[in-house]
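Engineer: Quick one: the structure is below, questions incoming.
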Amino acid sequence: MLAAPRRSGIVLGYALATLVRWLFVATLVFAVALLTGMRIDTRALDLGGLVLLALLVNVAGTLWATGVALRLRSTQAGPVMQLPVFILLFLAPVFVPLDLLRGWIHGVASVNPITAVLEAERSLLAGSADGVGVAGAMVLTLVAGLVLWALRGMRAAEAAG
């Protein structure tokens with residue numbers, strides 16, 4: 001870390017490496033979906049919005065994990081990175097729309113911020129833009145806050161030497 005002329009480049013390097021992995025996985029999943037008969041009832045602009053929203057969520061996850069890694073500087077930080085993300089996904093309507101959930105999970109999923117992203121992505125796949133503005137604003141706000149989190153993690157790692 002001492003050899004890096006601009007240490008914020010370390011955070012950028014983590015983000016770029018994660019984006020390359022995301023691009024590979026997203027391309028593979030999309031290709032398999034098309035090969036197995038997934039229909040896309042949307043325009044190219046809506047599909048681009050879907051990809052951009054997914055990319056921003058990936059960047060947010062990367063920044064969260066980077067901030068944790070730089071603060072804890074241990075491989076044992078893995079669960080600290082993964083657990084909050086797992087809980088958010090577990091308590092969101094990942095496999096079914098929100099309207100089909102019943103009981104306590106519906107109440108929790110209604111206030112889960114990931115729900116807005118999932119619902120916006122579903123609407124984009126269906127050719128609609130319902131909820132995309134709210135989800136986009138939420139994800140951009142999350143990314144902005146997590147940029148600060150990751151950069152402050154870099155400062156914490158620098159101070160710890």
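Residues are named by chain letter and number: chains run A, B, ... in the order of the structure tokens, numbers start at 1 in each chain, and ligands are numbered from 1 in the order shown.
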Would you list the contacts of range 8-19 of chain A as a list in words, taking every protein, DNA or RNA residue within 10 Å and counting only C-alpha atoms, but skipping same-chain residues closer than 4 positions in sequence?
Structural biologist: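 The filter keeps Met1, Ala4, Leu23, Phe24, Val25, Leu55, Leu56, Asn58, Val59, Ala60, Gly61, Thr62, Leu63, Ala65, Thr66, Gly67, Leu70, Val147, Ala150, Leu151, Arg152, Gly153, Met154 and Arg155 of chain A.
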Engineer: Return the single residue from A:Gly127, A:Pro93, A:Gly78, A:Gly103 that is closest to Asp46 in chain A, with distances computed using only C-alpha atoms.
Structural biologist: A:Gly127
Engineer: Which one of A:Leu45, A:Thr115, A:Pro79, A:Leu142 sits closest to Leu101 in chain A if you count only C-alpha atoms?
Structural biologist: A:Thr115
Engineer: How many Å separate CA of Leu125 in chain A from CA of Arg39 in chain A?
Structural biologist: 9.1 Å
Engineer: Among chain A, which ones does DSSP place in alpha helix (DSSP H), written as a PyMOL selection string?
Structural biologist: chain A and resi 8-35+44-72+78-90+104-111+113-125+132-160
Engineer: Pick out the closest residue to Ala157 in chain A from this set: A:Val143, A:Leu72, A:Leu118, A:Leu53. Count only C-alpha atoms.
Structural biologist: A:Leu72
Engineer: Go through A:Trp64, A:Glu119, A:Ala31, A:Ile114 one by one, measure the shortest atom-to-atom distance of each to Phe90 in chain A using only C-alpha atoms, and give the residue with the smallest value.
Structural biologist: A:Ile114
Engineer: So that I can check the surroundings of Val134 in chain A, please list as a PDB file with N, CA and C atoms, in the first residue's frame every protein, DNA and RNA residue that reaches within 12 Å of it, counting only C-alpha atoms and ignoring chain neighbours fewer than 2 positions away.
Structural biologist:
ATOM      1  N   LEU A  53     -28.660  -0.568 -13.735  1.00  0.00           N
ATOM      2  CA  LEU A  53     -29.112  -0.726 -12.355  1.00  0.00           C
ATOM      3  C   LEU A  53     -28.397  -1.894 -11.681  1.00  0.00           C
ATOM      4  N   PRO A 113     -34.841  -2.123   1.126  1.00  0.00           N
ATOM      5  CA  PRO A 113     -34.482  -1.303  -0.042  1.00  0.00           C
ATOM      6  C   PRO A 113     -34.189  -2.122  -1.297  1.00  0.00           C
ATOM      7  N   ILE A 114     -33.796  -3.365  -1.149  1.00  0.00           N
ATOM      8  CA  ILE A 114     -33.515  -4.212  -2.311  1.00  0.00           C
ATOM      9  C   ILE A 114     -34.803  -4.525  -3.071  1.00  0.00           C
ATOM     10  N   THR A 115     -35.931  -4.504  -2.387  1.00  0.00           N
ATOM     11  CA  THR A 115     -37.213  -4.760  -3.040  1.00  0.00           C
ATOM     12  C   THR A 115     -37.459  -3.758  -4.158  1.00  0.00           C
ATOM     13  N   ALA A 116     -37.163  -2.484  -3.908  1.00  0.00           N
ATOM     14  CA  ALA A 116     -37.375  -1.454  -4.934  1.00  0.00           C
ATOM     15  C   ALA A 116     -36.539  -1.739  -6.171  1.00  0.00           C
ATOM     16  N   VAL A 117     -35.315  -2.196  -5.961  1.00  0.00           N
ATOM     17  CA  VAL A 117     -34.433  -2.513  -7.089  1.00  0.00           C
ATOM     18  C   VAL A 117     -34.981  -3.714  -7.862  1.00  0.00           C
ATOM     19  N   LEU A 118     -35.368  -4.765  -7.153  1.00  0.00           N
ATOM     20  CA  LEU A 118     -35.884  -5.956  -7.817  1.00  0.00           C
ATOM     21  C   LEU A 118     -37.165  -5.662  -8.593  1.00  0.00           C
ATOM     22  N   GLU A 119     -38.055  -4.898  -8.005  1.00  0.00           N
ATOM     23  CA  GLU A 119     -39.306  -4.564  -8.681  1.00  0.00           C
ATOM     24  C   GLU A 119     -39.038  -3.700  -9.910  1.00  0.00           C
ATOM     25  N   ALA A 120     -38.092  -2.768  -9.818  1.00  0.00           N
ATOM     26  CA  ALA A 120     -37.747  -1.934 -10.969  1.00  0.00           C
ATOM     27  C   ALA A 120     -37.135  -2.778 -12.079  1.00  0.00           C
ATOM     28  N   GLU A 121     -36.286  -3.730 -11.716  1.00  0.00           N
ATOM     29  CA  GLU A 121     -35.677  -4.591 -12.726  1.00  0.00           C
ATOM     30  C   GLU A 121     -36.727  -5.484 -13.394  1.00  0.00           C
ATOM     31  N   ALA A 129     -41.326   1.152 -17.070  1.00  0.00           N
ATOM     32  CA  ALA A 129     -40.317   1.838 -16.268  1.00  0.00           C
ATOM     33  C   ALA A 129     -40.842   2.141 -14.867  1.00  0.00           C
ATOM     34  N   ASP A 130     -41.778   1.350 -14.381  1.00  0.00           N
ATOM     35  CA  ASP A 130     -42.359   1.577 -13.059  1.00  0.00           C
ATOM     36  C   ASP A 130     -41.301   1.408 -11.970  1.00  0.00           C
ATOM     37  N   GLY A 131     -41.142   2.437 -11.153  1.00  0.00           N
ATOM     38  CA  GLY A 131     -40.249   2.365 -10.005  1.00  0.00           C
ATOM     39  C   GLY A 131     -38.773   2.513 -10.318  1.00  0.00           C
ATOM     40  N   VAL A 132     -38.417   2.730 -11.566  1.00  0.00           N
ATOM     41  CA  VAL A 132     -37.001   2.809 -11.928  1.00  0.00           C
ATOM     42  C   VAL A 132     -36.363   4.063 -11.344  1.00  0.00           C
ATOM     43  N   GLY A 136     -33.289   3.807  -8.921  1.00  0.00           N
ATOM     44  CA  GLY A 136     -32.044   4.435  -9.373  1.00  0.00           C
ATOM     45  C   GLY A 136     -31.530   5.453  -8.375  1.00  0.00           C
ATOM     46  N   ALA A 137     -32.421   6.288  -7.866  1.00  0.00           N
ATOM     47  CA  ALA A 137     -32.009   7.287  -6.879  1.00  0.00           C
ATOM     48  C   ALA A 137     -31.502   6.615  -5.606  1.00  0.00           C
ATOM     49  N   MET A 138     -32.176   5.554  -5.201  1.00  0.00           N
ATOM     50  CA  MET A 138     -31.761   4.844  -3.994  1.00  0.00           C
ATOM     51  C   MET A 138     -30.387   4.218  -4.175  1.00  0.00           C
ATOM     52  N   VAL A 139     -30.157   3.576  -5.319  1.00  0.00           N
ATOM     53  CA  VAL A 139     -28.877   2.912  -5.558  1.00  0.00           C
ATOM     54  C   VAL A 139     -27.762   3.948  -5.709  1.00  0.00           C
ATOM     55  N   LEU A 140     -28.026   5.060  -6.386  1.00  0.00           N
ATOM     56  CA  LEU A 140     -27.000   6.104  -6.516  1.00  0.00           C
ATOM     57  C   LEU A 140     -26.640   6.702  -5.160  1.00  0.00           C
ATOM     58  N   THR A 141     -27.633   6.892  -4.312  1.00  0.00           N
ATOM     59  CA  THR A 141     -27.372   7.382  -2.957  1.00  0.00           C
ATOM     60  C   THR A 141     -26.550   6.368  -2.174  1.00  0.00           C
TER      61      THR A 141
END
Engineer: Between CA of Val57 in chain A and CA of Gly145 in chain A, what is the spacing in Å?
Structural biologist: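 Between these atoms lies a distance of 12.8 Å.
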Engineer: Would you please work out which residue, of A:Leu47, A:Val80, A:Ala144, A:Ala92, is nearest to Asn112 in chain A when using only C-alpha atoms?
Structural biologist: A:Ala92
Engineer: CA of Leu91 in chain A to CA of Ala109 in chain A: how many Å, to one decimal?
Structural biologist: 5.7 Å
